[in-house]
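Structure data (mmCIF, C-alpha atoms) from final_15.cif:
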```
data_input
#
loop_
_atom_site.group_PDB
_atom_site.id
_atom_site.type_symbol
_atom_site.label_atom_id
_atom_site.label_comp_id
_atom_site.auth_asym_id
_atom_site.auth_seq_id
_atom_site.Cartn_x
_atom_site.Cartn_y
_atom_site.Cartn_z
ATOM 1 C CA MET Y 1 21.583 -24.524 64.337
ATOM 2 C CA ASP Y 2 21.249 -28.293 64.447
ATOM 3 C CA PRO Y 3 22.264 -29.952 61.113
ATOM 4 C CA GLU Y 4 19.118 -32.064 61.252
ATOM 5 C CA LYS Y 5 16.938 -28.951 61.455
ATOM 6 C CA ILE Y 6 18.905 -27.395 58.568
ATOM 7 C CA SER Y 7 18.313 -30.559 56.551
ATOM 8 C CA ARG Y 8 14.577 -30.427 57.274
ATOM 9 C CA PHE Y 9 14.511 -26.747 56.340
ATOM 10 C CA GLU Y 10 16.270 -27.514 53.033
ATOM 11 C CA ASN Y 11 13.784 -30.324 52.344
ATOM 12 C CA LEU Y 12 10.960 -27.877 52.999
ATOM 13 C CA LEU Y 13 12.448 -25.348 50.574
ATOM 14 C CA GLY Y 14 13.295 -28.001 48.004
ATOM 15 C CA ARG Y 15 16.854 -26.690 47.656
ATOM 16 C CA ALA Y 16 20.044 -26.133 49.624
ATOM 17 C CA LEU Y 17 20.310 -23.040 51.793
ATOM 18 C CA ARG Y 18 22.220 -20.184 50.270
ATOM 19 C CA PRO Y 19 25.232 -18.808 52.188
ATOM 20 C CA GLU Y 20 23.433 -15.570 53.081
ATOM 21 C CA GLU Y 21 20.509 -17.589 54.500
ATOM 22 C CA LYS Y 22 22.860 -19.634 56.672
ATOM 23 C CA GLU Y 23 24.499 -16.424 57.894
ATOM 24 C CA ARG Y 24 21.094 -14.950 58.784
ATOM 25 C CA LEU Y 25 20.183 -18.052 60.795
ATOM 26 C CA GLU Y 26 23.502 -17.857 62.632
ATOM 27 C CA ARG Y 27 22.891 -14.164 63.429
ATOM 28 C CA ILE Y 28 19.434 -15.016 64.782
ATOM 29 C CA GLN Y 29 20.942 -17.756 66.925
ATOM 30 C CA ASN Y 30 23.719 -15.491 68.252
ATOM 31 C CA CYS Y 31 21.529 -12.425 68.832
ATOM 32 C CA LEU Y 32 18.722 -14.303 70.607
ATOM 33 C CA GLY Y 33 21.000 -16.844 72.297
ATOM 34 C CA ILE Y 34 19.016 -19.819 71.027
ATOM 35 C CA ARG Y 35 20.500 -23.280 71.496
ATOM 36 C CA SER Y 36 20.864 -25.536 68.440
ATOM 37 C CA SER Y 37 18.371 -28.048 69.801
ATOM 38 C CA ASP Y 38 15.815 -25.465 70.955
ATOM 39 C CA ALA Y 39 12.189 -26.039 69.806
ATOM 40 C CA LEU Y 40 12.027 -22.378 68.832
ATOM 41 C CA TRP Y 41 13.869 -23.335 65.623
ATOM 42 C CA ASP Y 42 10.713 -25.014 64.298
ATOM 43 C CA ILE Y 43 8.871 -21.672 64.487
ATOM 44 C CA ILE Y 44 11.837 -19.806 63.005
ATOM 45 C CA THR Y 45 12.011 -22.404 60.203
ATOM 46 C CA ALA Y 46 8.312 -21.868 59.386
ATOM 47 C CA LEU Y 47 8.792 -18.087 59.391
ATOM 48 C CA GLU Y 48 11.915 -18.372 57.221
ATOM 49 C CA TYR Y 49 10.024 -20.576 54.787
ATOM 50 C CA GLN Y 50 7.295 -17.928 54.501
ATOM 51 C CA ARG Y 51 9.894 -15.164 54.038
ATOM 52 C CA THR Y 52 11.745 -17.181 51.359
ATOM 53 C CA TYR Y 53 8.461 -18.015 49.627
ATOM 54 C CA TYR Y 54 7.482 -14.351 49.387
ATOM 55 C CA GLU Y 55 10.976 -13.321 48.317
ATOM 56 C CA ASP Y 56 10.802 -15.825 45.427
ATOM 57 C CA MET Y 57 7.276 -14.756 44.488
ATOM 58 C CA PRO Y 58 8.216 -11.720 42.272
ATOM 59 C CA ALA Y 59 10.609 -13.871 40.212
ATOM 60 C CA LYS Y 60 7.897 -16.500 39.750
ATOM 61 C CA ILE Y 61 5.390 -13.818 38.763
ATOM 62 C CA ARG Y 62 7.857 -12.348 36.282
ATOM 63 C CA GLU Y 63 8.506 -15.780 34.798
ATOM 64 C CA SER Y 64 4.799 -16.577 34.516
ATOM 65 C CA THR Y 65 4.063 -13.149 33.029
ATOM 66 C CA ALA Y 66 6.869 -13.575 30.499
ATOM 67 C CA ASP Y 67 5.459 -16.973 29.475
ATOM 68 C CA ILE Y 68 1.945 -15.533 29.137
ATOM 69 C CA LEU Y 69 3.203 -12.583 27.102
ATOM 70 C CA LYS Y 70 5.269 -14.899 24.922
ATOM 71 C CA ASP Y 71 2.238 -17.110 24.224
ATOM 72 C CA PHE Y 72 0.098 -14.032 23.595
ATOM 73 C CA SER Y 73 2.719 -12.589 21.256
ATOM 74 C CA SER Y 74 2.935 -15.865 19.331
ATOM 75 C CA ALA Y 75 -0.850 -16.088 19.020
ATOM 76 C CA THR Y 76 -1.085 -12.444 17.950
ATOM 77 C CA GLU Y 77 1.688 -12.866 15.398
ATOM 78 C CA LYS Y 78 -0.063 -15.911 13.979
ATOM 79 C CA LYS Y 79 -3.363 -14.017 13.738
ATOM 80 C CA VAL Y 80 -1.652 -11.053 12.063
ATOM 81 C CA THR Y 81 0.086 -13.390 9.602
ATOM 82 C CA ASP Y 82 -3.227 -15.083 8.795
ATOM 83 C CA ALA Y 83 -4.906 -11.694 8.368
ATOM 84 C CA HIS Y 84 -2.107 -10.504 6.052
ATOM 85 C CA SER Y 85 -2.406 -13.705 4.042
ATOM 86 C CA ARG Y 86 -6.184 -13.324 3.691
ATOM 87 C CA LEU Y 87 -5.802 -9.640 2.829
ATOM 88 C CA ALA Y 88 -3.177 -10.367 0.170
ATOM 89 C CA GLU Y 89 -5.393 -13.082 -1.324
ATOM 90 C CA HIS Y 90 -8.397 -10.730 -1.326
ATOM 91 C CA VAL Y 91 -6.357 -7.944 -2.938
ATOM 92 C CA VAL Y 92 -5.192 -10.343 -5.663
ATOM 93 C CA GLN Y 93 -8.769 -11.467 -6.301
ATOM 94 C CA GLN Y 94 -10.020 -7.880 -6.476
ATOM 95 C CA ALA Y 95 -7.148 -6.885 -8.780
ATOM 96 C CA GLN Y 96 -7.976 -9.793 -11.087
ATOM 97 C CA ALA Y 97 -11.671 -8.878 -11.101
ATOM 98 C CA LEU Y 98 -10.866 -5.213 -11.781
ATOM 99 C CA SER Y 99 -8.405 -6.165 -14.498
ATOM 100 C CA LEU Y 100 -11.054 -8.362 -16.123
ATOM 101 C CA LYS Y 101 -13.595 -5.508 -16.035
ATOM 102 C CA ILE Y 102 -11.104 -3.100 -17.611
ATOM 103 C CA HIS Y 103 -10.127 -5.615 -20.279
ATOM 104 C CA VAL Y 104 -13.736 -6.489 -21.091
ATOM 105 C CA ARG Y 105 -14.429 -2.825 -21.795
ATOM 106 C CA ASP Y 106 -11.370 -2.573 -24.041
ATOM 107 C CA TRP Y 107 -12.234 -5.835 -25.794
ATOM 108 C CA MET Y 108 -15.787 -4.592 -26.443
ATOM 109 C CA ILE Y 109 -14.559 -1.333 -27.965
ATOM 110 C CA TRP Y 110 -11.814 -2.861 -30.075
ATOM 111 C CA GLY Y 111 -13.958 -5.863 -30.992
ATOM 112 C CA SER Y 112 -16.739 -3.619 -32.271
ATOM 113 C CA PHE Y 113 -14.257 -1.558 -34.266
ATOM 114 C CA VAL Y 114 -12.635 -4.647 -35.814
ATOM 115 C CA LEU Y 115 -16.031 -6.178 -36.607
ATOM 116 C CA PHE Y 116 -17.110 -2.923 -38.229
ATOM 117 C CA LEU Y 117 -13.976 -2.905 -40.397
ATOM 118 C CA HIS Y 118 -14.465 -6.571 -41.331
ATOM 119 C CA LEU Y 119 -18.039 -5.926 -42.381
ATOM 120 C CA VAL Y 120 -17.018 -2.943 -44.499
ATOM 121 C CA TYR Y 121 -14.188 -4.946 -46.052
ATOM 122 C CA GLY Y 122 -16.503 -7.925 -46.672
ATOM 123 C CA SER Y 123 -19.118 -5.628 -48.242
ATOM 124 C CA LEU Y 124 -16.563 -4.154 -50.598
ATOM 125 C CA LEU Y 125 -15.408 -7.645 -51.584
ATOM 126 C CA LEU Y 126 -19.013 -8.662 -52.229
ATOM 127 C CA TRP Y 127 -19.539 -5.554 -54.331
ATOM 128 C CA ALA Y 128 -16.333 -6.197 -56.302
ATOM 129 C CA GLY Y 129 -17.268 -9.842 -56.923
ATOM 130 C CA TYR Y 130 -20.798 -8.966 -57.916
ATOM 131 C CA GLY Y 131 -19.607 -6.138 -60.182
ATOM 132 C CA ILE Y 132 -17.016 -8.297 -61.936
ATOM 133 C CA ALA Y 133 -19.481 -11.175 -62.457
ATOM 134 C CA ALA Y 134 -22.276 -8.943 -63.709
ATOM 135 C CA GLY Y 135 -20.024 -6.750 -65.855
ATOM 136 C CA LEU Y 136 -21.289 -3.608 -64.107
ATOM 137 C CA THR Y 137 -19.522 -0.340 -64.748
ATOM 138 C CA ARG Y 138 -21.182 1.800 -62.090
ATOM 139 C CA ILE Y 139 -20.870 1.380 -58.289
ATOM 140 C CA PRO Y 140 -23.888 -0.450 -56.815
ATOM 141 C CA PRO Y 141 -25.301 0.880 -53.549
ATOM 142 C CA VAL Y 142 -23.288 -1.242 -51.117
ATOM 143 C CA LEU Y 143 -25.003 0.111 -48.046
ATOM 144 C CA GLN Y 144 -28.414 -0.947 -49.318
ATOM 145 C CA MET Y 145 -27.326 -4.548 -49.015
ATOM 146 C CA PRO Y 146 -28.054 -6.324 -45.685
ATOM 147 C CA VAL Y 147 -24.622 -5.305 -44.456
ATOM 148 C CA GLY Y 148 -25.798 -1.674 -44.297
ATOM 149 C CA VAL Y 149 -28.355 -2.567 -41.618
ATOM 150 C CA VAL Y 150 -25.761 -4.637 -39.737
ATOM 151 C CA LEU Y 151 -23.281 -1.740 -39.819
ATOM 152 C CA ALA Y 152 -25.961 0.671 -38.564
ATOM 153 C CA VAL Y 153 -26.942 -1.642 -35.673
ATOM 154 C CA LEU Y 154 -23.306 -2.281 -34.776
ATOM 155 C CA SER Y 155 -22.463 1.415 -34.847
ATOM 156 C CA LEU Y 156 -25.532 2.263 -32.727
ATOM 157 C CA SER Y 157 -24.835 -0.464 -30.110
ATOM 158 C CA THR Y 158 -21.199 0.630 -29.815
ATOM 159 C CA GLY Y 159 -22.306 4.245 -29.414
ATOM 160 C CA LEU Y 160 -24.787 3.278 -26.689
ATOM 161 C CA PHE Y 161 -22.158 1.213 -24.875
ATOM 162 C CA LEU Y 162 -19.722 4.149 -24.951
ATOM 163 C CA GLY Y 163 -22.537 6.448 -23.790
ATOM 164 C CA VAL Y 164 -23.151 4.250 -20.749
ATOM 165 C CA LEU Y 165 -19.426 4.347 -19.937
ATOM 166 C CA ALA Y 166 -19.451 8.140 -20.306
ATOM 167 C CA ALA Y 167 -22.431 8.446 -17.928
ATOM 168 C CA LYS Y 168 -20.796 6.142 -15.386
ATOM 169 C CA ASN Y 169 -17.531 8.091 -15.432
ATOM 170 C CA PHE Y 170 -19.447 11.386 -15.220
ATOM 171 C CA ALA Y 171 -21.274 10.119 -12.112
ATOM 172 C CA GLN Y 172 -17.902 9.201 -10.564
ATOM 173 C CA GLU Y 173 -16.557 12.671 -11.433
ATOM 174 C CA ASN Y 174 -13.889 11.151 -13.652
ATOM 175 C CA THR Y 175 -12.747 13.554 -16.386
ATOM 176 C CA ILE Y 176 -12.348 10.724 -18.928
ATOM 177 C CA TRP Y 177 -16.143 10.829 -19.488
ATOM 178 C CA ARG Y 178 -15.657 13.492 -22.192
ATOM 179 C CA LYS Y 179 -13.639 11.059 -24.337
ATOM 180 C CA PHE Y 180 -16.297 8.374 -24.008
ATOM 181 C CA ALA Y 181 -19.048 10.901 -24.821
ATOM 182 C CA LEU Y 182 -17.212 12.072 -27.944
ATOM 183 C CA ALA Y 183 -16.622 8.467 -29.082
ATOM 184 C CA SER Y 184 -20.294 7.703 -28.424
ATOM 185 C CA ALA Y 185 -21.400 10.646 -30.564
ATOM 186 C CA VAL Y 186 -18.996 9.624 -33.328
ATOM 187 C CA CYS Y 187 -20.567 6.125 -33.373
ATOM 188 C CA ILE Y 188 -24.232 7.124 -32.980
ATOM 189 C CA ALA Y 189 -24.296 9.875 -35.629
ATOM 190 C CA PRO Y 190 -23.218 7.632 -38.553
ATOM 191 C CA SER Y 191 -25.550 4.859 -37.375
ATOM 192 C CA GLY Y 192 -28.570 7.034 -38.170
ATOM 193 C CA VAL Y 193 -27.220 7.904 -41.602
ATOM 194 C CA LEU Y 194 -26.365 4.240 -42.328
ATOM 195 C CA ALA Y 195 -29.793 3.060 -41.186
ATOM 196 C CA ALA Y 196 -31.608 5.699 -43.256
ATOM 197 C CA TYR Y 197 -29.596 4.904 -46.365
ATOM 198 C CA ALA Y 198 -29.943 1.126 -45.919
ATOM 199 C CA LEU Y 199 -33.706 1.253 -45.449
ATOM 200 C CA ILE Y 200 -34.468 3.609 -48.379
#
```
Please render this file's structure as structure tokens.
Amino acid sequence: MDPEKISRFENLLGRALRPEEKERLERIQNCLGIRSSDALWDIITALEYQRTYYEDMPAKIRESTADILKDFSSATEKKVTDAHSRLAEHVVQQAQALSLKIHVRDWMIWGSFVLFLHLVYGSLLLWAGYGIAAGLTRIPPVLQMPVGVVLAVLSLSTGLFLGVLAAKNFAQENTIWRKFALASAVCIAPSGVLAAYALI
């Protein structure tokens, strides 16, 4: 094959001919008895270009597919990372909210108990001070002072709060409702006695 035609063929391909391609062209020339300067080489060159183009096509498709899959994988990984980040943030927020709800309940129970004890202690101190100042020898009715009404109201409100918690846990089929119900009864029963004694 004419070197000029080979050069034009290589320009058309955009690369140098591989050894096996040169051998194939030589076989075509020898088998068909084509002269190096024959015009038939232009047709053979066009056909060889088409054959080479289609032979390179699978590699190009694989390369393009790999790039697409790589981009898709990167985008998917980014979306998954963002979703995990949002999920973790949401879980933290929910845990904080749940923790606050649990602690508020505990604070209400313990706060009521401590307030009840403070009121009883304060009442006893008032009684002691009043008794010492007045020179009394018998115990005055402490619960008939205003603190008796306060203790009754506090005991009743705590009992109602614990009753609501018991009902809520019962509705959720949580077995802890029995403890809340018992604590509610323990608070509500004395509140009636305290109120009756304070208002006599």
Open item on the list: I'd like the interatomic distance between atom CA of Y:Glu21 and atom CA of Y:Ala66, to a tenth of an Å.
Closed with: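 One can read the atom CA of Y:Glu21 to atom CA of Y:Ala66 distance as 27.9 Å.
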- [ ] Quick one: pull the distance between atom CA of Y:Arg27 and atom CA of Y:Asp56, Å, one decimal.
- [x]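 So the two atoms, atom CA of Y:Arg27 and atom CA of Y:Asp56, lie 21.7 Å apart.
Here atom CA of Y:Arg105 and atom CA of Y:Lys168 stand 12.7 Å from one another.
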Task: Target residues per the PyMOL selection byres ((chain Y and resi 22) around 12), formatted as a list in words - done: Met1, Asp2, Pro3, Ile6, Ser7, Phe9, Glu10, Ala16, Leu17, Arg18, Pro19, Glu20, Glu21, Glu23, Arg24, Leu25, Glu26, Arg27, Ile28, Gln29, Thr45 and Glu48 of chain Y
Closest atom pairs, residues of stretch 35-111 of chain Y within 12 Å of stretch 147-164 of chain Y, only C-alpha atoms, as JSON lines:
```
{"residue": "Y:Arg105", "atom": "CA", "partner": "Y:Phe161", "partner_atom": "CA", "distance": 9.2}
{"residue": "Y:Asp106", "atom": "CA", "partner": "Y:Leu162", "partner_atom": "CA", "distance": 10.8}
{"residue": "Y:Trp107", "atom": "CA", "partner": "Y:Thr158", "partner_atom": "CA", "distance": 11.8}
{"residue": "Y:Met108", "atom": "CA", "partner": "Y:Thr158", "partner_atom": "CA", "distance": 8.2}
{"residue": "Y:Ile109", "atom": "CA", "partner": "Y:Thr158", "partner_atom": "CA", "distance": 7.2}
{"residue": "Y:Trp110", "atom": "CA", "partner": "Y:Thr158", "partner_atom": "CA", "distance": 10.0}
{"residue": "Y:Gly111", "atom": "CA", "partner": "Y:Thr158", "partner_atom": "CA", "distance": 9.8}
```
Please evaluate the PyMOL selection byres ((chain Y and resi 181) around 9) against the displayed coordinates and give the resulting residues as a PDB file with C-alpha atoms, in the coordinates of the input.
```pdb
ATOM      1  CA  GLY Y 159     -22.306   4.245 -29.414  1.00  0.00           C
ATOM      2  CA  LEU Y 162     -19.722   4.149 -24.951  1.00  0.00           C
ATOM      3  CA  GLY Y 163     -22.537   6.448 -23.790  1.00  0.00           C
ATOM      4  CA  VAL Y 164     -23.151   4.250 -20.749  1.00  0.00           C
ATOM      5  CA  LEU Y 165     -19.426   4.347 -19.937  1.00  0.00           C
ATOM      6  CA  ALA Y 166     -19.451   8.140 -20.306  1.00  0.00           C
ATOM      7  CA  ALA Y 167     -22.431   8.446 -17.928  1.00  0.00           C
ATOM      8  CA  ILE Y 176     -12.348  10.724 -18.928  1.00  0.00           C
ATOM      9  CA  TRP Y 177     -16.143  10.829 -19.488  1.00  0.00           C
ATOM     10  CA  ARG Y 178     -15.657  13.492 -22.192  1.00  0.00           C
ATOM     11  CA  LYS Y 179     -13.639  11.059 -24.337  1.00  0.00           C
ATOM     12  CA  PHE Y 180     -16.297   8.374 -24.008  1.00  0.00           C
ATOM     13  CA  LEU Y 182     -17.212  12.072 -27.944  1.00  0.00           C
ATOM     14  CA  ALA Y 183     -16.622   8.467 -29.082  1.00  0.00           C
ATOM     15  CA  SER Y 184     -20.294   7.703 -28.424  1.00  0.00           C
ATOM     16  CA  ALA Y 185     -21.400  10.646 -30.564  1.00  0.00           C
ATOM     17  CA  VAL Y 186     -18.996   9.624 -33.328  1.00  0.00           C
TER      18      VAL Y 186
END
```
TODO: Give as an MDAnalysis selection string the set of residues within 12 Å of the point (9.2, -21.4, 52.9), where distances use the file's coordinates and all atoms listed in the file.
DONE: chainID Y and resid 8:15 17 43:57
Find the smallest box with edges along x, y and z containing every listed atom of stretch 148-159 of chain Y, then add 8 Å on each side and report centre and edge lengths in Å to one decimal, as JSON.
```
{"center_x": -24.8, "center_y": -0.2, "center_z": -36.9, "size_x": 23.2, "size_y": 24.9, "size_z": 30.9}
```
